[in-house]
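In what follows, a structure is listed as structure tokens, so that the remarks can point back to it.
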Amino acid sequence: METQIRKILGHYGFRGESCQVTAHGTGLINRTWMVRETESGWRYILQRINHAVFKSPEAIAGNIREISTYLQAHAPGYLFESPLRTLKGEEMVQEAGEYFRLYRYVEGSHTLDVVANPGQAYEASRQFGMFTAQLAGFDTGKLRITLADFHNLPLRYAQYREAIKKGNPERILRSKEILEALESYSGISDQAQQLGCLPLRVIHHDTKISNILFDEQGKGMCVIDLDTIMPGYYISDAGDMMRTYLSPISEEEPDNERHAIRMEIFEAIAEGYLGEMGRLMQDEERQRFVYSGSFMIYMQALRFITDYLNNDVYYGSRYEGHNLVRGTNQLVLLQKYTEKADQMQKIVREYFRR
């Protein structure tokens, strides 16, 4: 692998022996390295695109190019990190059937893996809201789909129902209680059928806090990990923040009774995201802010359980019943989220009343 990386860096004009390369980050999809040029001390981020997940890396590059061009013309002061060009002017390097790209490292920046306090939630949600708001005038028709049906809840529900019919019989029987509980929330999928009334916007689609760069003072700097930028509904971004920020535990935690909805974090998400996007939202969008959390949590619960019933063919598993644990975890989170929904709605109404 080291020889391949040195060869890739050569496309950017680096001499292999002049660079130190170390593994970087905790991402599960793409593989990332830190590259330090020893003579200048400058640092870069080299990333290999997971071609098994992203079938068209050219579409990703094209989307980033279109957005970068728009922001340079309409918001030149906005920090948006685009890949560096090779000596031939290319946005990616293709080597042995794999795709690589190089970014400059933003000095003084760092990322977080979990939300520890409302300030972090505010800064992250503000950055994701700002990103979509800055692109309010962008023609979403210029963007290509990089992951088809990524947040198509009715499709995920249909796949779940198919898995109940054709999946592993023993696992279906073992999951009887959770399947009944998931079915009781099927109205969330029914509501998703009405989302066509919402405007398509430029959406990040993966708003976990690790996709924000923070400065040394803890202020948000910019969004990163741009592969899933596509046209979509804002509820994808708002909902994924609620799914991943509100509880103090992650979807991997087997003790799902430790889930709790931290209302101070919800208020921070609302203040940050709506502070940037609220003025742009149509009434139909404002009414669905709390629903967005139900949408994303329910969809992820369905996806984990569907994979469990289908013998873990998509997410895989590190131990027997791993996806059942994940799915149950998300179901418990959904139950606790639903219990707080009225309180959340009140907070949102008061925000827009102000």
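Residues in the structure tokens are numbered from 1 in each chain, the chains being A, B, ... in the order shown, and ligands are numbered from 1 in the order shown.
Summary of the local environment: counting only C-alpha atoms, residues at most 8 Å from A:Ser189, other than itself and those fewer than 2 positions away along its chain, are Leu153, Pro154, Tyr157, Tyr185, Ser186, Gly187, Gln191, Ala192, Gln193 and Phe295 of chain A.
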Next on the checklist: Residues of stretch 138-210 of chain A classed as alpha helix (DSSP H) by DSSP on the backbone are to be reported as a count of residues only.
Outcome noted: 35
Item to check | Spatial neighbours of stretch 238-252 of chain A, 6 Å, only C-alpha atoms, chain gap at least 4 places, as a list of chain:residue names | outcome: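 Listed by chain and then number, they are A:Val115, A:Thr207, A:His259, A:Ala260, A:Ile261, A:Arg262, A:Ile265, A:Ser292, A:Gly293, A:Met296, A:Ile297, A:Arg326, A:Asn329.
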Item to check | Spatial neighbours of A:Leu280, max dist 9 Å, only C-alpha atoms, sep filter under 4 positions, as a ChimeraX atom specification | outcome: /A:133,136,276
Create the file for the chosen residues now, containing N, CA, C and O atoms and written as a PDB file, in the first residue's frame.
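This is the output file again.pdb:
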ATOM      1  N   ALA A 133     -28.071  26.787   3.402  1.00  0.00           N
ATOM      2  CA  ALA A 133     -28.550  28.154   3.183  1.00  0.00           C
ATOM      3  C   ALA A 133     -27.705  28.880   2.142  1.00  0.00           C
ATOM      4  O   ALA A 133     -28.239  29.615   1.304  1.00  0.00           O
ATOM      5  N   ALA A 136     -28.891  28.098  -1.363  1.00  0.00           N
ATOM      6  CA  ALA A 136     -30.331  28.227  -1.609  1.00  0.00           C
ATOM      7  C   ALA A 136     -30.627  28.607  -3.056  1.00  0.00           C
ATOM      8  O   ALA A 136     -31.663  28.229  -3.609  1.00  0.00           O
ATOM      9  N   GLU A 276     -29.850  29.497  10.755  1.00  0.00           N
ATOM     10  CA  GLU A 276     -29.359  29.668   9.389  1.00  0.00           C
ATOM     11  C   GLU A 276     -30.436  29.404   8.343  1.00  0.00           C
ATOM     12  O   GLU A 276     -30.512  30.086   7.326  1.00  0.00           O
TER      13      GLU A 276
END
Checklist entry - Within 10 Å of A:Val106, counting only C-alpha atoms, which residues qualify if same-chain residues fewer than 3 places away don't, as a PyMOL selection string? => result chain A and resi 43-45+81+103+109-110+213-215+221-222
Grab the residues selected above and save them as an mmCIF file, in the first residue's frame with all heavy atoms.
data_model
loop_
_atom_site.group_PDB
_atom_site.id
_atom_site.type_symbol
_atom_site.label_atom_id
_atom_site.label_comp_id
_atom_site.auth_asym_id
_atom_site.auth_seq_id
_atom_site.Cartn_x
_atom_site.Cartn_y
_atom_site.Cartn_z
ATOM 1 N N ARG A 43 0.729 20.049 5.469
ATOM 2 C CA ARG A 43 0.023 18.788 5.643
ATOM 3 C C ARG A 43 -1.188 18.704 4.710
ATOM 4 O O ARG A 43 -1.799 19.725 4.375
ATOM 5 C CB ARG A 43 -0.424 18.630 7.106
ATOM 6 C CG ARG A 43 0.746 18.448 8.051
ATOM 7 C CD ARG A 43 0.281 18.103 9.448
ATOM 8 N NE ARG A 43 -0.313 19.236 10.139
ATOM 9 C CZ ARG A 43 -0.834 19.183 11.369
ATOM 10 N NH1 ARG A 43 -0.833 18.020 12.027
ATOM 11 N NH2 ARG A 43 -1.353 20.250 11.940
ATOM 12 N N TYR A 44 -1.495 17.473 4.343
ATOM 13 C CA TYR A 44 -2.578 17.205 3.405
ATOM 14 C C TYR A 44 -3.352 15.979 3.868
ATOM 15 O O TYR A 44 -2.862 15.182 4.667
ATOM 16 C CB TYR A 44 -2.035 16.967 1.987
ATOM 17 C CG TYR A 44 -1.177 18.089 1.460
ATOM 18 C CD1 TYR A 44 0.190 18.136 1.762
ATOM 19 C CD2 TYR A 44 -1.721 19.100 0.686
ATOM 20 C CE1 TYR A 44 0.980 19.179 1.298
ATOM 21 C CE2 TYR A 44 -0.934 20.145 0.219
ATOM 22 C CZ TYR A 44 0.414 20.181 0.527
ATOM 23 O OH TYR A 44 1.189 21.221 0.071
ATOM 24 N N ILE A 45 -4.568 15.832 3.348
ATOM 25 C CA ILE A 45 -5.395 14.666 3.628
ATOM 26 C C ILE A 45 -5.585 13.899 2.318
ATOM 27 O O ILE A 45 -6.111 14.430 1.348
ATOM 28 C CB ILE A 45 -6.767 15.071 4.198
ATOM 29 C CG1 ILE A 45 -6.608 15.755 5.553
ATOM 30 C CG2 ILE A 45 -7.671 13.845 4.307
ATOM 31 C CD1 ILE A 45 -6.064 14.862 6.645
ATOM 32 N N GLU A 81 -13.941 23.149 1.314
ATOM 33 C CA GLU A 81 -12.716 22.452 0.949
ATOM 34 C C GLU A 81 -12.927 21.550 -0.265
ATOM 35 O O GLU A 81 -13.638 20.541 -0.184
ATOM 36 C CB GLU A 81 -12.214 21.629 2.131
ATOM 37 C CG GLU A 81 -11.596 22.463 3.236
ATOM 38 C CD GLU A 81 -10.370 23.222 2.766
ATOM 39 O OE1 GLU A 81 -9.434 22.582 2.259
ATOM 40 O OE2 GLU A 81 -10.362 24.457 2.884
ATOM 41 N N TYR A 103 -6.710 16.600 -0.291
ATOM 42 C CA TYR A 103 -7.164 17.884 0.232
ATOM 43 C C TYR A 103 -6.035 18.544 1.009
ATOM 44 O O TYR A 103 -5.178 17.866 1.580
ATOM 45 C CB TYR A 103 -8.338 17.700 1.198
ATOM 46 C CG TYR A 103 -9.633 17.258 0.571
ATOM 47 C CD1 TYR A 103 -9.935 15.903 0.442
ATOM 48 C CD2 TYR A 103 -10.570 18.191 0.150
ATOM 49 C CE1 TYR A 103 -11.134 15.488 -0.107
ATOM 50 C CE2 TYR A 103 -11.779 17.789 -0.403
ATOM 51 C CZ TYR A 103 -12.058 16.439 -0.523
ATOM 52 O OH TYR A 103 -13.251 16.031 -1.077
ATOM 53 N N SER A 109 -7.439 22.821 12.975
ATOM 54 C CA SER A 109 -8.764 22.198 13.014
ATOM 55 C C SER A 109 -8.712 20.839 13.695
ATOM 56 O O SER A 109 -7.659 20.203 13.782
ATOM 57 C CB SER A 109 -9.315 22.036 11.592
ATOM 58 O OG SER A 109 -8.581 21.052 10.873
ATOM 59 N N HIS A 110 -9.869 20.396 14.164
ATOM 60 C CA HIS A 110 -10.001 19.051 14.701
ATOM 61 C C HIS A 110 -11.443 18.610 14.540
ATOM 62 O O HIS A 110 -12.331 19.411 14.249
ATOM 63 C CB HIS A 110 -9.585 18.988 16.175
ATOM 64 C CG HIS A 110 -10.492 19.744 17.109
ATOM 65 N ND1 HIS A 110 -10.389 21.102 17.308
ATOM 66 C CD2 HIS A 110 -11.541 19.337 17.875
ATOM 67 C CE1 HIS A 110 -11.307 21.498 18.168
ATOM 68 N NE2 HIS A 110 -12.029 20.452 18.525
ATOM 69 N N LEU A 213 -15.505 20.397 10.906
ATOM 70 C CA LEU A 213 -14.209 20.818 11.440
ATOM 71 C C LEU A 213 -14.436 21.906 12.480
ATOM 72 O O LEU A 213 -15.177 22.866 12.234
ATOM 73 C CB LEU A 213 -13.298 21.348 10.334
ATOM 74 C CG LEU A 213 -12.738 20.348 9.324
ATOM 75 C CD1 LEU A 213 -11.750 21.045 8.386
ATOM 76 C CD2 LEU A 213 -12.063 19.164 10.012
ATOM 77 N N PHE A 214 -13.801 21.757 13.645
ATOM 78 C CA PHE A 214 -13.847 22.751 14.708
ATOM 79 C C PHE A 214 -12.475 23.418 14.835
ATOM 80 O O PHE A 214 -11.445 22.778 14.602
ATOM 81 C CB PHE A 214 -14.203 22.094 16.046
ATOM 82 C CG PHE A 214 -15.626 21.638 16.157
ATOM 83 C CD1 PHE A 214 -16.026 20.418 15.631
ATOM 84 C CD2 PHE A 214 -16.572 22.430 16.787
ATOM 85 C CE1 PHE A 214 -17.343 19.993 15.737
ATOM 86 C CE2 PHE A 214 -17.889 22.015 16.892
ATOM 87 C CZ PHE A 214 -18.283 20.808 16.366
ATOM 88 N N ASP A 215 -12.477 24.702 15.235
ATOM 89 C CA ASP A 215 -11.201 25.364 15.468
ATOM 90 C C ASP A 215 -10.764 25.150 16.912
ATOM 91 O O ASP A 215 -11.425 24.448 17.694
ATOM 92 C CB ASP A 215 -11.266 26.852 15.098
ATOM 93 C CG ASP A 215 -12.193 27.657 16.014
ATOM 94 O OD1 ASP A 215 -12.552 27.181 17.117
ATOM 95 O OD2 ASP A 215 -12.565 28.785 15.619
ATOM 96 N N MET A 221 -16.030 25.363 11.783
ATOM 97 C CA MET A 221 -15.336 26.002 10.670
ATOM 98 C C MET A 221 -15.998 25.695 9.326
ATOM 99 O O MET A 221 -16.224 26.585 8.521
ATOM 100 C CB MET A 221 -13.871 25.562 10.635
ATOM 101 C CG MET A 221 -13.094 25.887 11.886
ATOM 102 S SD MET A 221 -11.402 25.227 11.854
ATOM 103 C CE MET A 221 -10.657 26.257 10.581
ATOM 104 N N CYS A 222 -16.278 24.420 9.071
ATOM 105 C CA CYS A 222 -16.857 24.039 7.784
ATOM 106 C C CYS A 222 -17.315 22.588 7.830
ATOM 107 O O CYS A 222 -16.971 21.839 8.750
ATOM 108 C CB CYS A 222 -15.843 24.225 6.641
ATOM 109 S SG CYS A 222 -14.399 23.138 6.747
#
Item to check | Residue nearest A:Ile235 - candidates A:Gln159, A:Thr132, A:Asp255, A:Val223, atoms counted: only C-alpha atoms | outcome: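 Distance minimum relative to A:Ile235 lands on A:Thr132.
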Checklist entry - Which distance in Å separates atom CA of A:Glu91 and atom CA of A:Asp149, to one decimal? => result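 These two atoms are separated by 25.9 Å.
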Item to check | Shell of 7 Å around A:Asn310, only C-alpha atoms, local chain residues under 3 positions omitted, as a ChimeraX atom specification | outcome: /A:163,167-168,306-307,313
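From atom CA of A:Asn152 back to atom CA of A:Phe100, the distance works out to 28.7 Å.
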Checklist entry - Which one of A:Ala121, A:Met34, A:Met299, A:Ile178 sits closest to A:Leu324 if you count only C-alpha atoms? => result A:Ile178
Checklist entry - Where does DSSP see strand (DSSP E) in stretch 22-188 of chain A, if you list the residues as a list of chain:residue names? => result A:Thr22, A:Ala23, A:Arg31, A:Thr32, A:Trp33, A:Met34, A:Val35, A:Arg36, A:Glu37, A:Arg43, A:Tyr44, A:Ile45, A:Leu46, A:Gln47, A:Arg48, A:Ile49, A:Val93, A:Gln94, A:Glu95, A:Glu98, A:Tyr99, A:Phe100, A:Arg101, A:Leu102, A:Tyr103, A:Arg104
Checklist entry - Which residue, A:Val332, A:Leu309, A:Ile229, A:Leu182, has the smallest gap to A:Phe128 when you use only C-alpha atoms? => result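 For A:Phe128, the nearest of the given residues is A:Ile229.
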Checklist entry - Using only C-alpha atoms, which residue out of A:Pro254, A:Leu79, A:Gly137, A:Asp283 lies closest to A:His322? => result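 Closest to A:His322, using only C-alpha atoms: A:Pro254.
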Checklist entry - Of the candidates A:Thr22, A:Asn211, A:Phe14, A:Phe80, which shows the shortest atom-to-atom distance to A:Val114, using only C-alpha atoms? => result A:Asn211
